[in-house]
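Text of start39.txt (compact mmCIF, C-alpha atoms and all ligand atoms) as supplied:
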# COMPACT_ATOMS: atom_id res chain seq x y z
CA MET A 77 115.73 124.40 57.66
CA LEU A 78 111.98 124.52 57.04
CA MET A 79 110.21 124.18 53.69
CA THR A 80 107.63 126.74 54.88
CA ASP A 81 110.43 129.35 55.18
CA LEU A 82 111.68 128.56 51.68
CA LEU A 83 108.15 128.87 50.32
CA ALA A 84 107.68 132.28 51.94
CA LYS A 85 111.07 133.42 50.62
CA LYS A 86 110.32 132.49 47.00
CA ARG A 87 106.74 133.77 47.26
CA ASP A 88 108.15 137.19 48.20
CA GLY A 89 110.59 137.18 45.30
CA GLY A 90 113.67 136.13 47.27
CA GLU A 91 116.67 134.14 46.05
CA LEU A 92 117.11 130.57 47.29
CA SER A 93 120.63 129.52 48.27
CA GLY A 94 122.27 126.37 46.90
CA GLU A 95 121.90 124.74 50.31
CA GLU A 96 118.19 125.53 50.43
CA ILE A 97 117.64 124.16 46.92
CA ARG A 98 119.49 120.92 47.74
CA PHE A 99 117.48 120.57 50.97
CA MET A 100 114.25 120.95 49.01
CA ILE A 101 115.10 118.50 46.20
CA ASP A 102 116.66 115.85 48.48
CA GLY A 103 113.73 116.10 50.88
CA TYR A 104 111.19 115.83 48.08
CA VAL A 105 112.82 112.77 46.53
CA ARG A 106 113.02 111.08 49.96
CA GLY A 107 109.31 111.80 50.54
CA GLU A 108 109.97 114.18 53.46
CA ILE A 109 108.54 117.18 51.63
CA ALA A 110 104.89 116.78 50.63
CA ASP A 111 103.53 117.16 47.12
CA TYR A 112 101.38 120.13 48.19
CA GLN A 113 104.43 122.04 49.43
CA MET A 114 106.42 121.24 46.31
CA SER A 115 103.43 122.28 44.13
CA ALA A 116 103.36 125.63 45.92
CA MET A 117 107.10 126.00 45.34
CA CYS A 118 106.75 125.23 41.61
CA MET A 119 104.04 127.90 41.37
CA ALA A 120 106.19 130.40 43.29
CA ILE A 121 109.09 129.69 40.90
CA LEU A 122 106.77 130.04 37.90
CA LEU A 123 105.54 133.43 39.14
CA ARG A 124 108.77 134.82 40.64
CA GLY A 125 111.39 133.15 38.43
CA MET A 126 114.92 132.10 39.29
CA ASN A 127 118.24 133.66 38.38
CA ASP A 128 120.98 131.66 36.61
CA ARG A 129 122.71 130.73 39.87
CA GLU A 130 119.50 129.33 41.36
CA THR A 131 118.64 127.52 38.09
CA LEU A 132 122.11 125.98 37.99
CA ASP A 133 121.85 124.87 41.63
CA LEU A 134 118.41 123.40 40.94
CA THR A 135 119.73 121.59 37.85
CA MET A 136 122.70 120.14 39.75
CA ALA A 137 120.56 119.13 42.75
CA MET A 138 118.18 117.31 40.39
CA MET A 139 121.03 115.69 38.46
CA HIS A 140 122.53 114.35 41.72
CA SER A 141 119.17 112.91 42.83
CA GLY A 142 120.04 109.73 40.90
CA GLU A 143 122.67 107.96 38.84
CA VAL A 144 125.16 110.12 36.93
CA VAL A 145 126.48 108.16 33.96
CA ASP A 146 130.25 107.80 33.94
CA LEU A 147 131.46 108.02 30.34
CA SER A 148 135.14 108.27 31.35
CA GLY A 149 135.64 104.76 29.92
CA ILE A 150 134.94 106.16 26.46
CA GLU A 151 137.88 107.61 24.56
CA GLY A 152 137.33 110.80 22.55
CA ILE A 153 134.82 113.62 22.62
CA LYS A 154 131.30 112.55 23.54
CA ALA A 155 128.44 114.44 21.91
CA ASP A 156 124.73 114.48 22.63
CA LYS A 157 121.68 116.13 21.13
CA HIS A 158 118.30 116.95 22.60
CA SER A 159 115.11 118.05 20.92
CA THR A 160 112.29 119.68 22.85
CA GLY A 161 109.99 117.41 20.85
CA GLY A 162 107.92 117.63 17.74
CA VAL A 163 106.07 115.84 14.98
CA GLY A 164 108.04 113.80 12.44
CA ASP A 165 111.27 114.52 14.28
CA LYS A 166 113.57 111.69 13.21
CA THR A 167 116.72 113.84 13.38
CA SER A 168 118.69 111.63 15.79
CA LEU A 169 118.46 108.70 13.36
CA MET A 170 120.48 110.71 10.82
CA LEU A 171 122.45 113.18 12.90
CA CYS A 172 123.97 110.64 15.31
CA PRO A 173 125.43 108.36 12.59
CA MET A 174 126.65 111.42 10.63
CA VAL A 175 128.45 112.87 13.65
CA ALA A 176 129.85 109.47 14.66
CA ALA A 177 131.11 109.01 11.08
CA CYS A 178 133.06 112.29 11.60
CA GLY A 179 134.91 110.66 14.51
CA LEU A 180 132.95 111.93 17.51
CA ARG A 181 131.48 109.56 20.07
CA ILE A 182 127.71 109.28 20.47
CA ALA A 183 126.68 107.67 23.76
CA LYS A 184 123.07 108.68 23.78
CA MET A 185 120.06 107.97 25.92
CA SER A 186 116.75 108.67 24.24
CA GLY A 187 113.11 108.69 25.20
CA ARG A 188 109.84 107.25 23.97
CA GLY A 189 107.06 109.23 22.35
CA LEU A 190 104.09 110.49 24.31
CA GLY A 191 100.95 112.17 23.00
CA HIS A 192 101.39 113.85 19.63
CA THR A 193 105.21 113.73 19.71
CA GLY A 194 107.33 110.75 18.70
CA GLY A 195 110.38 109.31 20.43
CA THR A 196 113.65 107.99 19.04
CA LEU A 197 113.43 104.68 20.93
CA ASP A 198 110.16 103.71 19.27
CA LYS A 199 111.60 104.58 15.87
CA LEU A 200 114.69 102.47 16.50
CA GLU A 201 112.51 99.55 17.53
CA SER A 202 111.12 99.54 13.98
CA PHE A 203 114.31 97.57 13.27
CA PRO A 204 113.20 94.10 14.41
CA GLY A 205 115.32 92.93 17.34
CA TYR A 206 116.82 96.36 18.15
CA ASN A 207 117.67 96.28 21.85
CA ILE A 208 117.36 99.58 23.72
CA ALA A 209 118.51 98.05 27.02
CA ILE A 210 121.95 96.58 26.32
CA GLY A 211 123.34 97.44 29.77
CA GLU A 212 126.12 99.81 30.73
CA ARG A 213 129.05 97.51 29.88
CA ARG A 214 127.91 96.87 26.29
CA PHE A 215 126.89 100.53 25.92
CA ILE A 216 130.46 101.68 26.68
CA GLU A 217 132.05 98.84 24.67
CA ASN A 218 129.93 99.62 21.61
CA VAL A 219 130.78 103.32 21.70
CA ASN A 220 134.50 102.51 21.96
CA ARG A 221 134.26 99.96 19.12
CA ILE A 222 131.96 101.64 16.58
CA GLY A 223 131.58 105.19 17.95
CA ILE A 224 127.85 105.04 18.64
CA ALA A 225 125.23 103.56 20.96
CA LEU A 226 121.61 104.65 21.40
CA ILE A 227 119.74 103.27 24.38
CA GLY A 228 116.77 104.04 26.62
CA GLN A 229 117.16 106.28 29.62
CA THR A 230 117.73 104.11 32.68
CA ALA A 231 115.18 104.36 35.49
CA ASP A 232 117.84 105.71 37.85
CA ILE A 233 118.55 108.90 35.90
CA VAL A 234 117.21 112.03 37.68
CA PRO A 235 114.39 110.55 39.80
CA ALA A 236 113.66 114.11 41.02
CA ASP A 237 112.53 115.02 37.50
CA LYS A 238 110.16 112.07 37.24
CA LYS A 239 108.42 113.14 40.47
CA LEU A 240 108.54 116.85 39.73
CA TYR A 241 107.38 116.58 36.13
CA ALA A 242 104.33 114.53 37.15
CA LEU A 243 103.51 117.18 39.74
CA ARG A 244 104.00 120.10 37.34
CA ASP A 245 101.82 118.38 34.78
CA VAL A 246 98.79 118.55 37.10
CA THR A 247 99.44 121.88 38.83
CA GLY A 248 99.73 124.23 35.85
CA THR A 249 103.46 124.70 36.41
CA VAL A 250 105.00 123.17 33.28
CA PRO A 251 105.61 126.48 31.42
CA SER A 252 108.25 127.95 33.72
CA ILE A 253 111.63 128.52 32.05
CA PRO A 254 113.79 127.67 35.15
CA LEU A 255 111.73 124.51 35.73
CA ILE A 256 111.95 123.42 32.08
CA VAL A 257 115.68 124.24 31.89
CA SER A 258 116.49 122.30 35.07
CA SER A 259 114.31 119.37 33.95
CA ILE A 260 115.98 119.07 30.54
CA MET A 261 119.54 119.93 31.56
CA SER A 262 119.63 117.72 34.67
CA LYS A 263 118.94 114.72 32.40
CA LYS A 264 121.40 115.84 29.71
CA LEU A 265 124.17 116.54 32.24
CA ALA A 266 123.55 113.21 34.00
CA SER A 267 123.99 111.45 30.65
CA GLY A 268 127.61 112.60 30.63
CA ALA A 269 128.37 114.17 27.20
CA ASP A 270 131.06 116.84 26.70
CA VAL A 271 129.21 118.62 23.88
CA ILE A 272 125.43 119.13 23.92
CA VAL A 273 123.37 120.61 21.11
CA LEU A 274 119.74 121.51 21.73
CA ASP A 275 117.07 121.67 19.07
CA VAL A 276 114.43 124.01 20.48
CA LYS A 277 111.24 123.68 18.45
CA CYS A 278 108.76 126.48 18.08
CA GLY A 279 105.30 126.58 16.53
CA SER A 280 101.92 124.86 16.64
CA GLY A 281 103.40 121.35 17.03
CA ALA A 282 105.87 122.37 19.75
CA PHE A 283 105.91 122.99 23.41
CA MET A 284 107.01 126.59 22.83
CA LYS A 285 104.41 128.19 20.57
CA THR A 286 106.21 131.48 19.88
CA GLU A 287 109.73 132.37 18.78
CA GLU A 288 110.20 134.61 21.85
CA GLN A 289 109.42 131.74 24.22
CA ALA A 290 111.68 129.40 22.25
CA ARG A 291 114.53 131.96 22.32
CA GLU A 292 114.21 132.44 26.07
CA LEU A 293 114.29 128.68 26.60
CA ALA A 294 117.22 128.18 24.21
CA ARG A 295 119.24 130.89 25.95
CA GLY A 296 118.45 129.45 29.37
CA LEU A 297 119.45 125.94 28.31
CA THR A 298 122.78 126.99 26.76
CA ARG A 299 123.66 129.27 29.70
CA ILE A 300 123.12 126.47 32.21
CA GLY A 301 124.99 123.93 30.02
CA LYS A 302 127.99 126.26 29.87
CA LEU A 303 127.86 127.13 33.56
CA ALA A 304 127.92 123.37 34.21
CA GLY A 305 131.15 123.17 32.21
CA ARG A 306 129.85 121.62 28.98
CA LYS A 307 130.16 122.89 25.42
CA CYS A 308 126.65 123.83 24.45
CA ALA A 309 124.73 125.37 21.55
CA ALA A 310 121.06 125.63 20.62
CA VAL A 311 119.17 125.95 17.37
CA ILE A 312 115.62 127.29 17.19
CA THR A 313 113.68 125.49 14.46
CA ASP A 314 110.19 125.63 13.00
CA MET A 315 107.56 123.17 14.21
CA ASP A 316 104.55 124.82 12.60
CA GLN A 317 104.39 121.82 10.29
CA PRO A 318 105.86 118.32 10.62
CA LEU A 319 109.58 117.89 10.06
CA GLY A 320 110.18 116.19 6.72
CA ARG A 321 107.22 114.30 5.28
CA ALA A 322 106.80 111.10 7.27
CA VAL A 323 105.04 110.84 10.66
CA GLY A 324 104.96 107.39 12.27
CA ASN A 325 107.75 105.13 13.42
CA ALA A 326 108.83 102.83 10.56
CA LEU A 327 107.80 105.48 8.01
CA GLU A 328 110.16 107.95 9.68
CA VAL A 329 112.97 105.41 9.74
CA LYS A 330 112.53 104.92 5.98
CA GLU A 331 112.65 108.68 5.43
CA ALA A 332 115.76 109.03 7.60
CA ILE A 333 117.47 106.30 5.60
CA SER A 334 116.61 108.03 2.35
CA VAL A 335 118.36 111.17 3.69
CA LEU A 336 121.43 109.12 4.62
CA ARG A 337 121.37 107.62 1.11
CA GLY A 338 121.46 111.16 -0.33
CA GLU A 339 118.01 110.73 -1.93
CA THR A 340 116.09 113.20 0.27
CA LYS A 341 117.20 116.75 1.01
CA GLY A 342 115.05 119.68 2.26
CA ASP A 343 114.44 120.62 5.90
CA LEU A 344 115.61 117.30 7.33
CA LEU A 345 119.05 117.44 5.75
CA GLU A 346 119.35 121.14 6.60
CA LEU A 347 118.58 120.44 10.25
CA CYS A 348 121.18 117.66 10.44
CA LEU A 349 123.81 119.89 8.82
CA THR A 350 123.01 122.79 11.17
CA LEU A 351 122.90 120.78 14.40
CA GLY A 352 125.87 118.68 13.31
CA SER A 353 127.95 121.74 12.43
CA CYS A 354 127.27 123.16 15.92
CA ILE A 355 128.51 119.89 17.45
CA LEU A 356 131.65 119.66 15.31
CA THR A 357 132.64 123.30 15.89
CA GLU A 358 131.90 123.21 19.63
CA ALA A 359 133.98 120.01 19.82
CA GLY A 360 136.84 121.73 17.96
CA VAL A 361 136.79 119.06 15.23
CA ALA A 362 135.99 121.65 12.54
CA ALA A 363 137.34 125.21 12.33
CA ASP A 364 134.00 126.73 11.41
CA ARG A 365 130.46 125.78 10.47
CA GLU A 366 131.19 125.70 6.72
CA GLU A 367 134.00 123.17 7.18
CA ALA A 368 131.76 121.18 9.52
CA ARG A 369 128.92 121.10 6.97
CA ALA A 370 131.32 119.84 4.30
CA MET A 371 132.50 117.07 6.64
CA LEU A 372 128.90 116.07 7.38
CA ARG A 373 127.89 116.10 3.71
CA ALA A 374 130.86 113.86 2.94
CA THR A 375 129.53 111.21 5.36
CA ILE A 376 126.41 110.98 3.17
CA GLU A 377 128.22 111.08 -0.17
CA SER A 378 130.68 108.34 0.88
CA GLY A 379 127.98 106.14 2.46
CA ALA A 380 129.83 106.34 5.81
CA ALA A 381 126.80 107.65 7.73
CA LEU A 382 124.51 104.91 6.38
CA LYS A 383 127.15 102.31 7.24
CA LYS A 384 127.37 103.77 10.76
CA LEU A 385 123.61 103.35 11.17
CA SER A 386 123.87 99.72 10.03
CA GLU A 387 126.71 99.12 12.53
CA LEU A 388 124.54 100.63 15.28
CA VAL A 389 121.56 98.42 14.43
CA GLU A 390 123.73 95.30 14.29
CA ALA A 391 125.59 96.13 17.53
CA GLN A 392 122.23 96.40 19.31
CA ASP A 393 120.90 93.01 18.12
CA GLY A 394 119.07 94.17 14.97
CA ASP A 395 119.78 93.07 11.40
CA ALA A 396 122.02 95.43 9.38
CA ARG A 397 120.27 94.29 6.17
CA ASP A 398 117.17 96.26 7.25
CA VAL A 399 119.12 99.50 6.80
CA TYR A 400 119.99 98.72 3.19
CA ASP A 401 116.65 97.12 2.28
CA THR A 402 113.88 99.13 3.93
CA ALA A 403 111.18 96.90 2.42
CA ARG A 404 112.07 94.58 5.31
CA LEU A 405 110.75 97.12 7.88
CA PRO A 406 107.14 96.98 9.19
CA VAL A 407 104.49 97.87 6.55
CA ALA A 408 100.84 98.76 7.31
CA PRO A 409 98.22 96.64 5.53
CA VAL A 410 96.25 99.65 4.21
CA GLN A 411 97.58 102.62 2.25
CA LEU A 412 95.15 105.37 1.27
CA THR A 413 96.00 108.54 -0.64
CA VAL A 414 94.14 111.67 0.42
CA PRO A 415 92.99 113.84 -2.52
CA SER A 416 92.52 117.52 -1.72
CA GLU A 417 88.98 118.84 -1.95
CA THR A 418 90.29 122.38 -2.34
CA ALA A 419 92.62 124.12 -4.78
CA GLY A 420 95.00 126.80 -3.53
CA TYR A 421 98.25 127.39 -1.73
CA LEU A 422 98.74 125.41 1.47
CA SER A 423 98.99 128.22 4.02
CA HIS A 424 98.86 126.38 7.36
CA MET A 425 99.00 122.86 8.70
CA ASP A 426 97.92 122.14 12.28
CA CYS A 427 101.07 120.34 13.27
CA GLU A 428 99.90 119.03 16.65
CA LYS A 429 96.79 117.57 15.01
CA VAL A 430 98.91 115.82 12.36
CA GLY A 431 100.86 114.21 15.22
CA LEU A 432 97.56 113.17 16.81
CA ILE A 433 96.43 111.48 13.56
CA SER A 434 99.44 109.19 13.79
CA MET A 435 98.70 108.59 17.46
CA HIS A 436 95.05 107.69 16.74
CA LEU A 437 96.17 105.30 14.00
CA GLY A 438 98.04 103.48 16.77
CA GLY A 439 101.50 104.94 16.13
CA GLY A 440 101.72 106.92 19.37
CA ARG A 441 101.03 106.50 23.05
CA VAL A 442 98.01 107.70 24.96
CA THR A 443 99.63 106.55 28.22
CA LYS A 444 103.21 105.49 28.93
CA GLU A 445 102.10 101.85 28.94
CA SER A 446 100.33 101.88 25.53
CA GLU A 447 101.45 99.33 22.93
CA ILE A 448 102.17 101.00 19.62
CA ASP A 449 101.90 99.89 16.00
CA LEU A 450 105.25 100.69 14.37
CA SER A 451 103.94 100.43 10.81
CA VAL A 452 101.22 103.11 10.81
CA GLY A 453 101.27 106.88 10.24
CA LEU A 454 101.19 109.20 7.27
CA VAL A 455 103.45 110.60 4.58
CA LEU A 456 102.74 114.15 3.41
CA ASP A 457 102.90 115.07 -0.25
CA LYS A 458 102.37 118.79 0.36
CA LYS A 459 104.01 121.25 2.72
CA VAL A 460 103.22 124.87 3.61
CA GLY A 461 103.77 127.13 0.58
CA ASP A 462 103.03 124.38 -1.99
CA ARG A 463 100.42 124.85 -4.69
CA VAL A 464 97.68 122.18 -4.49
CA GLU A 465 95.17 121.39 -7.23
CA LYS A 466 91.76 119.87 -6.45
CA GLY A 467 92.11 116.08 -6.43
CA GLU A 468 95.88 116.23 -5.95
CA SER A 469 97.23 114.11 -3.10
CA LEU A 470 97.84 115.81 0.25
CA GLY A 471 99.49 112.66 1.54
CA THR A 472 99.12 108.92 2.13
CA ILE A 473 97.68 107.32 5.25
CA HIS A 474 99.23 104.03 6.41
CA ALA A 475 96.71 102.24 8.62
CA SER A 476 95.78 98.88 10.08
CA THR A 477 92.19 98.99 8.71
CA GLU A 478 90.27 100.71 5.88
CA GLU A 479 88.01 102.41 8.42
CA LYS A 480 90.89 103.92 10.38
CA ALA A 481 92.48 105.06 7.11
CA ARG A 482 89.27 106.84 6.02
CA GLU A 483 88.93 108.58 9.42
CA ALA A 484 92.55 109.68 9.29
CA ALA A 485 92.11 111.01 5.74
CA GLU A 486 89.28 113.29 6.94
CA LEU A 487 91.41 114.47 9.84
CA LEU A 488 94.33 115.25 7.52
CA ARG A 489 92.10 117.36 5.26
CA ALA A 490 90.87 119.22 8.36
CA CYS A 491 94.50 120.03 9.33
CA CYS A 492 95.12 121.95 6.11
CA THR A 493 94.23 125.59 5.42
CA PHE A 494 94.46 127.07 1.93
CA SER A 495 94.95 130.53 0.51
CA ASP A 496 94.11 131.82 -2.97
CA THR A 497 97.33 133.81 -3.13
CA PRO A 498 100.89 132.46 -2.96
CA VAL A 499 102.21 131.78 0.54
CA ALA A 500 105.86 132.13 1.61
CA ARG A 501 107.53 128.96 2.87
CA PRO A 502 108.19 129.33 6.62
CA LYS A 503 111.78 130.04 7.66
CA PHE A 504 112.95 126.71 9.00
CA ILE A 505 116.12 127.52 10.96
CA LYS A 506 115.16 130.55 13.00
CA GLU A 507 118.28 131.18 15.05
CA ILE A 508 121.52 129.56 16.19
CA ILE A 509 122.56 130.34 19.76
CA GLU A 510 126.16 129.55 20.65
N1 LIG A 601 110.86 118.42 28.48
C1 LIG A 601 111.40 118.05 29.66
O1 LIG A 601 112.16 117.10 29.74
N2 LIG A 601 111.05 118.76 30.75
C2 LIG A 601 110.24 119.82 30.72
O2 LIG A 601 110.00 120.43 31.75
C3 LIG A 601 109.69 120.18 29.49
C4 LIG A 601 110.03 119.47 28.37

When written as structure tokens, how does the structure in this file appear?
Amino acid sequence: MLMTDLLAKKRDGGELSGEEIRFMIDGYVRGEIADYQMSAMCMAILLRGMNDRETLDLTMAMMHSGEVVDLSGIEGIKADKHSTGGVGDKTSLMLCPMVAACGLRIAKMSGRGLGHTGGTLDKLESFPGYNIAIGERRFIENVNRIGIALIGQTADIVPADKKLYALRDVTGTVPSIPLIVSSIMSKKLASGADVIVLDVKCGSGAFMKTEEQARELARGLTRIGKLAGRKCAAVITDMDQPLGRAVGNALEVKEAISVLRGETKGDLLELCLTLGSCILTEAGVAADREEARAMLRATIESGAALKKLSELVEAQDGDARDVYDTARLPVAPVQLTVPSETAGYLSHMDCEKVGLISMHLGGGRVTKESEIDLSVGLVLDKKVGDRVEKGESLGTIHASTEEKAREAAELLRACCTFSDTPVARPKFIKEIIE
């Protein structure tokens, strides 16, 4: 088999066989197929597309390029969740304990933040001592004992994606649905869960800017998950403004805890109930979404979800007291409120730029190796649709220095657009795809 033949076939709109796709991925990972040939193939796929059979074969070939986690040592139904990434997205910190408190097993591998988006691992490390690398034996033991473990993705999971993603990033071939689906689903399938729920973000702070793109991606992801024999659902959610109010690692942990305490409701709680109800119904633990929502709400009312989070933190070498007393978490030395210079209705917030403010304060990574400051970020007082009077606070900046706080305050003001007439609040849950 020759890569040049496969390139010509895809260039002319042909369909690659499973054997051809495996040849290409195996050869690329082994270094036998050159980057320039693989770049041409990614562009041909972007322009010509792939059908479901090809996308599934590509996903499986990528998944088998590395370690496939064996969760057979875990009793019960294993559930996982994936978000396509956004600003202020602390959902896993609430959803995973809530679902585990309903009796499902969460054996989850998460990622770090990059650029304007945050990552669950960094947030978890706001709990001093939290160990994201407890090893496979403890990972399985913890899930069997307390129903939940959240660790970092091991280096051996889907090496093909690491190579391919880096290549796509510099060849203009990231926005191809089959390439995105195979990249995300190869990692999710390799992580071994029975039930997978996908939170596909759409809007200015997301990878998918329009609802149409998000829907196409969500449908592709669920189709491939099901074809691979997993229970799978997707929810399309708004990312035209940050999720919740806090952006920045420890600040987001505090907000997540306030949801688990029943003190904060709004979009964050709604998202957890929606994603969680998809998991519980797909798993067959609840008869329908209403019953599932009631079960999930009960984990907050009884304190079971908060207790589950404290068990998780303790089982991974943190201190459970930090969950009940959030004053123990990292705090930035400077807090600066940002008075609005305009009166009106908040009509738009540049979500990606809000994420970048947190990054510039030191809360996010510029490169994968960057050290981050867990204490910094911002907490919004206003969201799209709110009335704002002149001088009223738009939010509070948490920074390491006065100067950085002042710069961030200017940037936050620049992210906000106002209207003289009332503005409808954006629809948060746009669609559920089962
Ligand atoms: N996230 C991934 O993991 N892969 C993509 O291709 C895009 C987003």

Using all atoms listed in the file, which of A:Val276, A:Glu428, A:Ala362, A:Ala490 sits nearest A:Ile505?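 Of all the options, A:Val276 lies closest to A:Ile505.
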
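By chain and then residue number, the residues within 7 Å of A:Lys199 are Gly195, Asn325, Ala326 and Val329 of chain A, counting all atoms listed in the file and disregarding those fewer than 4 positions away in sequence.
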
Could you please determine the separation between atom CA of A:Ala236 and atom CA of A:Thr131 in Å, to one decimal place?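 Taking atom CA of A:Ala236 as the start and atom CA of A:Thr131 as the end point, the length is 14.6 Å.
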
Around the point (101.7, 108.9, 18.8) (coordinates from the file), which residues reach within 8 Å if we count all atoms listed in the file? Answer as a list in words.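 Residues lying no farther than 8 Å from the given point: Gly189, Leu190, Gly191, His192, Thr193, Gly194, Gly324, Gly431, Leu432, Ile433, Ser434, Met435, His436, Gly438, Gly439, Gly440, Arg441, Val442 and Ile448 of chain A.
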
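Comparing A:Arg321, A:Arg489, A:Arg295, A:Lys302 by their smallest distance to A:Lys429, the closest is A:Arg489 (using all atoms listed in the file).
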
Polymer residues at most 7 Å from A:Ile508, only C-alpha atoms, same-chain spacing of 2 or more positions, as a ChimeraX atom specification: /A:310-312,510

Can you write out the residues you just picked, keeping C-alpha atoms, as a tab-separated table (two decimals), in the coordinates of the input?
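Heads up, here's the output in again.tsv:
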chain	number	residue	atom	x	y	z
A	310	ALA	CA	121.06	125.63	20.62
A	311	VAL	CA	119.17	125.95	17.37
A	312	ILE	CA	115.62	127.29	17.19
A	510	GLU	CA	126.16	129.55	20.65

Please report as CSV every residue of chain A lying within 12 Å of ligand LIG 601 (chain A), along with the nearest atom pair and their distance in Å (one decimal), using all atoms listed in the file.
residue,atom,partner,partner_atom,distance
A:Cys118,CA,A:LIG601,O2,11.4
A:Leu122,CA,A:LIG601,O2,11.9
A:Thr135,CA,A:LIG601,O2,11.5
A:His158,CA,A:LIG601,O1,9.4
A:Ser159,CA,A:LIG601,N1,8.7
A:Thr160,CA,A:LIG601,N1,5.9
A:Gly161,CA,A:LIG601,N1,7.7
A:Gly162,CA,A:LIG601,C4,11.0
A:Ser186,CA,A:LIG601,O1,11.1
A:Gly187,CA,A:LIG601,O1,9.6
A:Arg188,CA,A:LIG601,O1,11.6
A:Gly189,CA,A:LIG601,N1,11.7
A:Leu190,CA,A:LIG601,N1,11.2
A:Thr193,CA,A:LIG601,N1,11.4
A:Gln229,CA,A:LIG601,O1,11.9
A:Val234,CA,A:LIG601,O1,10.7
A:Ala236,CA,A:LIG601,N2,11.6
A:Asp237,CA,A:LIG601,N2,7.9
A:Lys238,CA,A:LIG601,O1,9.2
A:Lys239,CA,A:LIG601,O2,11.5
A:Leu240,CA,A:LIG601,O2,8.9
A:Tyr241,CA,A:LIG601,O2,6.4
A:Ala242,CA,A:LIG601,O2,9.8
A:Leu243,CA,A:LIG601,O2,10.8
A:Arg244,CA,A:LIG601,O2,8.2
A:Asp245,CA,A:LIG601,O2,9.0
A:Gly248,CA,A:LIG601,O2,11.7
A:Thr249,CA,A:LIG601,O2,9.1
A:Val250,CA,A:LIG601,O2,5.9
A:Pro251,CA,A:LIG601,O2,7.5
A:Ser252,CA,A:LIG601,O2,8.0
A:Ile253,CA,A:LIG601,O2,8.3
A:Pro254,CA,A:LIG601,O2,8.9
A:Leu255,CA,A:LIG601,O2,6.0
A:Ile256,CA,A:LIG601,O2,3.6
A:Val257,CA,A:LIG601,O2,6.8
A:Ser258,CA,A:LIG601,O2,7.5
A:Ser259,CA,A:LIG601,N2,4.6
A:Ile260,CA,A:LIG601,O1,4.4
A:Met261,CA,A:LIG601,O1,8.1
A:Ser262,CA,A:LIG601,O1,9.0
A:Lys263,CA,A:LIG601,O1,7.7
A:Lys264,CA,A:LIG601,O1,9.3
A:Leu274,CA,A:LIG601,N1,11.6
A:Asp275,CA,A:LIG601,N1,11.7
A:Val276,CA,A:LIG601,C4,10.1
A:Lys277,CA,A:LIG601,C4,10.8
A:Ala282,CA,A:LIG601,C4,10.0
A:Phe283,CA,A:LIG601,C4,7.3
A:Met284,CA,A:LIG601,C4,9.5
A:Ala290,CA,A:LIG601,C4,11.8
A:Leu293,CA,A:LIG601,C3,10.1
A:Leu297,CA,A:LIG601,N2,11.3

Here atom CA of A:Met185 and atom CA of A:Gly164 stand apart by 19.0 Å

Would you be able to write out as a count of residues only which residues have an atom within 12 Å of (112.7, 130.9, 7.4) in the file's coordinates, counting only C-alpha atoms? 18

Name the closest residue to A:Ala475 among the candidates A:Leu412, A:Ala391, A:Leu123, A:Val430; distances are taken between atoms, counting only C-alpha atoms.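 Once distances to A:Ala475 are computed over only C-alpha atoms, the minimum belongs to A:Leu412.
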
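Between A:Ala116 and the candidates A:Ser353, A:Asn207, A:Lys184, A:Thr247, the tightest atom-to-atom separation, counting only C-alpha atoms, involves A:Thr247.
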